[in-house]
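Peer 1: Pasting a structure below so you can have a look.
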Amino acid sequence: MKHPQTPFPVTGYYGPDYFCNRESELEQLTRCVRGGQSATLVALRRLGKTALIKHLFYHIQSQYTTIYLDILPTESTNELLNRLSTAIIRAHAEKAGFGKKAWDLIRSLRPVISYDPLSGQPQVSLRVSSEESRKTLADLITLLETHTQPVVIALDEFQQILEYPEKQTDAWLRAVVHELRNVHFIFSGSQQHIMADLFMNPERPFYRSTHFMKIGKLEKSVYREFIIRKFAEKGKSVSGDVVDSMLQWTELHTYYVQLLCNRVFLSSGKKITEDTWREEAGRMLKEQEFVFFGYREMLTKAQWDLLKAIALEGKVYQPTSSAFITAHSLGNPSTVLRSLQALERMDLVYREVDREGVTYYGVYDVLFARWMST
Ligand SMILES: Nc1ncnc2c1ncn2[C@@H]1O[C@H](COP(=O)(O)OP(=O)(O)OP(=O)(O)O)[C@@H](O)[C@H]1O
Ligand SMILES: [Mg+2]
C-alpha cells in the first residue's frame, strides 16, 4: 500500500496504520459479511463511510472478492452497468475461470474497451437500452454467484439510484439480490433520510433486508490518542490539551480533523502549541474565503442569511421559532422553511437527531462555521 504524504491523509485509504479506531463498526460489518447478510451504512458527509468500507475490504480481501462502486456520478442503470463491468474486468485477468466467463459475457455486448494511458487499467463502455442494462446487470451479478470466493459489493452513495430515469430501480435491484447466496452488499449513503426511507420504510422493497448501521463521530479520547501517537511517530510532540482544542475547533468531524492535522503537521516544528495550530487554522480560513463568498453568490439572500444564522448558533433545534427568527432577522417561518429545504438539498445544511432523539440542524462546512464566528 502507498504511503500518504503526512500521517493524516485527507483523501483515500492508506491502510490500518492511518485509520483511527472504528473497531466496533468493523466488527459489525465483518460479522455481516461472514454471516452472509448485507449491510446499510449511513452517516453525515465526510465522517468516514468510504474509508470504513475500504478498511473492511482491507481486512477481508484474502478471503473475499471485494468490489467497490461509487455510484454518485452515475445517472442511469446503463452507467451503473459500465461501472460494475469495469470493476469486474479490472479485478480479473481474462485468461481462465471466472475472469474468462466475465470477459466473455461483457465482450458479447460489443463494448468499447479503452485503457487508461497511465495505469493501463481497462475501462468498459456499453451503450444499451434500460431494459438490456438491467438484464446484463442481473446476468453479471448472477455470474458473480458462481465465483469461487464469496463476493462483497459496496454501492457507495446508493441513494443515487433514485435519480435514475428508470422507475423503481430499488424494486428491481431488490429482486435481483434477494436470491443471492454468494454475493452480499454494503449500501452506503450520506442522505440520511433518503437512506432511512429506502431501508426502514415498510412500503419500500428493501425494507429491513439489511443490517442498518448509523456511523457517528469517532470517540474523542480515542482520536486524541491517535493524533498524539501519529505526531510522535514523526518526532513531533503535542499535548492532550492542544489536541483537544483542535478537536473542538473541528467539531470532531473526521475530514476536518484530518485536514487540520495534515496542515499543522506540514507547517510545524518539533513541538506543536496552541499558537502553532491556531495560526495554521487562520491561514486555512483565509484560503477558503473565496469558497464562502461563492456560497453567497450561489444563494438567495434568505438562504444566505439562514446559513449564517445556523453557522453562528452551531446547532439549531427550532429554525422556525420566533426566537431564532427574531434573533437573526430572518423574516417569516415559511421563508425559513423553504430556505432550509434548499440548503439541505444543496448539502450545505444537515439534519441530525441528538441522543434524546430530537432533530436539529447544523452547517456541513465546519470551516465556514468557524469563519462566521471569528
Ligand atoms: N477512522 C478514520 N481515521 C482516520 N482518517 C479517517 C477515518 N475515517 C475517515 N478518515 C479520513 O477522513 C476523510 C473523509 O472520509 P471519507 O471520505 O471516508 O468520508 P465519507 O463519509 O465517505 O465522505 P463523503 O460523504 O464525502 O463521501 C478521508 O480522507 C479519510 O481518509
Ligand atoms: Mg464517501
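Lettering and numbering for the C-alpha cells are positional, with chains as A, B, ... in the shown order, residues counted from 1 in each chain, and ligands counted from 1 in the shown order.
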Tell me, which residues of region 250-352 of chain A carry DSSP helix (DSSP H, G or I), written as a PyMOL selection string?
Peer 2: chain A and resi 254-267+274-298+301-313+322-327+333-345
Peer 1: Hey, which residues come within 12 Å of ligand 2 if we count only C-alpha atoms and all ligand atoms? Could you give them as a VMD selection string?
Peer 2: chain A and resid 10 to 13 41 to 54 68 to 72 154 to 158 187 to 191 254 to 255
Peer 1: I'd like the contact shell of Asp170 (chain A) - 8 Å cut-off, only C-alpha atoms, skipping same-chain residues fewer than 5 positions apart - returned as a list in words.
Peer 2: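 In the requested format, the answer is Ile161, Leu162, Pro205 and Phe206 of chain A.
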Peer 1: Export C-alpha atoms of the chosen residues as a PDB file, in the first residue's frame?
Peer 2:
```pdb
ATOM      1  CA  ILE A 161     -30.273   5.138  -7.812  1.00  0.00           C
ATOM      2  CA  LEU A 162     -33.367   7.210  -7.068  1.00  0.00           C
ATOM      3  CA  PRO A 205     -38.712  -3.116  -1.369  1.00  0.00           C
ATOM      4  CA  PHE A 206     -35.502  -3.076   0.711  1.00  0.00           C
TER       5      PHE A 206
END
```
Peer 1: Can you list, as a list of chain:residue names, every residue of region 105-255 of chain A that DSSP puts in strand (DSSP E)?
Peer 2: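 Here is the list: A:Val112, A:Ile113, A:Ser114, A:Tyr115, A:Pro122, A:Gln123, A:Val124, A:Ser125, A:Val151, A:Val152, A:Ile153, A:Ala154, A:Leu155, A:Asp156, A:Val183, A:His184, A:Phe185, A:Ile186, A:Phe187, A:Ser188, A:Gly189, A:His211, A:Phe212, A:Met213, A:Lys214, A:Ser237, A:Val238.
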Peer 1: Print the selection's residues with C-alpha atoms to a file, as a PDB file, in the first residue's frame.
Peer 2:
```
ATOM      1  CA  VAL A 112     -15.850  -0.125 -26.199  1.00  0.00           C
ATOM      2  CA  ILE A 113     -12.907  -1.116 -24.034  1.00  0.00           C
ATOM      3  CA  SER A 114     -10.328   1.603 -23.567  1.00  0.00           C
ATOM      4  CA  TYR A 115      -7.151   1.599 -21.499  1.00  0.00           C
ATOM      5  CA  PRO A 122      -9.245  -1.173 -18.784  1.00  0.00           C
ATOM      6  CA  GLN A 123     -12.474   0.765 -18.888  1.00  0.00           C
ATOM      7  CA  VAL A 124     -15.719  -0.643 -20.257  1.00  0.00           C
ATOM      8  CA  SER A 125     -18.300   1.440 -22.031  1.00  0.00           C
ATOM      9  CA  VAL A 151     -18.223 -11.652  -3.141  1.00  0.00           C
ATOM     10  CA  VAL A 152     -18.930  -8.367  -1.366  1.00  0.00           C
ATOM     11  CA  ILE A 153     -20.113  -5.436  -3.450  1.00  0.00           C
ATOM     12  CA  ALA A 154     -20.172  -1.963  -1.906  1.00  0.00           C
ATOM     13  CA  LEU A 155     -22.522   0.509  -3.556  1.00  0.00           C
ATOM     14  CA  ASP A 156     -21.407   3.848  -2.160  1.00  0.00           C
ATOM     15  CA  VAL A 183     -22.823 -12.212  -3.227  1.00  0.00           C
ATOM     16  CA  HIS A 184     -23.582  -9.697  -0.497  1.00  0.00           C
ATOM     17  CA  PHE A 185     -23.876  -5.957  -0.475  1.00  0.00           C
ATOM     18  CA  ILE A 186     -22.935  -2.910   1.504  1.00  0.00           C
ATOM     19  CA  PHE A 187     -25.199   0.004   0.694  1.00  0.00           C
ATOM     20  CA  SER A 188     -23.797   3.280   1.877  1.00  0.00           C
ATOM     21  CA  GLY A 189     -25.086   6.826   1.738  1.00  0.00           C
ATOM     22  CA  HIS A 211     -28.267  -4.717   8.846  1.00  0.00           C
ATOM     23  CA  PHE A 212     -28.727  -0.960   9.267  1.00  0.00           C
ATOM     24  CA  MET A 213     -25.781   0.928  10.755  1.00  0.00           C
ATOM     25  CA  LYS A 214     -25.538   4.586  11.586  1.00  0.00           C
ATOM     26  CA  SER A 237       5.162  16.433  20.254  1.00  0.00           C
ATOM     27  CA  VAL A 238       1.757  17.768  21.094  1.00  0.00           C
TER      28      VAL A 238
END
```
Peer 1: Go ahead and compute the interatomic distance for CA of Arg355 (chain A) and atom 11 (C, counted along the ligand's line) of ligand 1, in Å to one decimal.
Peer 2: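 CA of Arg355 (chain A) sits 24.0 Å away from atom 11 (C, counted along the ligand's line) of ligand 1.
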Peer 1: A:Phe8, A:Lys270, A:Ile310, A:Lys301: which is nearest Gly331 (chain A), counting only C-alpha atoms?
Peer 2: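 Of the candidates, the smallest distance to Gly331 (chain A) is held by A:Lys301.
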Peer 1: Could you name the residues that touch Gly35 (chain A) at 12 Å or less, counting only C-alpha atoms, but leaving out those on the same chain fewer than 3 positions away, as a list in words?
Peer 2: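 My list of contacting residues is Glu27, Gln28, Leu29, Thr30, Arg31, Cys32, Ser38, Ala39, Pro150, Val152, Arg181, Asn182, Val183, His184, Thr210 and His211 of chain A.
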Peer 1: What is the distance between CA of Ser129 (chain A) and CA of Lys95 (chain A), in Å to one decimal?
Peer 2: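 Atom-to-atom, CA of Ser129 (chain A) to CA of Lys95 (chain A), that is 29.1 Å.
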Peer 1: Taking only C-alpha atoms into account, name the residue in A:Ala309, A:Lys135, A:Val222, A:Val33 that is nearest to Gln61 (chain A).
Peer 2: A:Val33
Peer 1: Can you work out which one of A:Arg22, A:Lys217, A:Arg127, A:His147 has the shortest atom-to-atom distance to ligand 1, counting only C-alpha atoms and all ligand atoms?
Peer 2: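 For ligand 1, the nearest of the candidates is A:Arg22.
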Peer 1: May I ask which of the residues A:Leu180, A:Ser119, A:Gly99, A:Leu105 is the closest one to Thr148 (chain A), counting only C-alpha atoms?
Peer 2: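 Of the candidates, the smallest distance to Thr148 (chain A) is held by A:Gly99.
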Peer 1: Can you work out which one of A:Asp116, A:Glu203, A:Glu352, A:Asp347 has the shortest atom-to-atom distance to ligand 1, counting only C-alpha atoms and all ligand atoms?
Peer 2: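 The answer is A:Asp347, which sits nearest to ligand 1.
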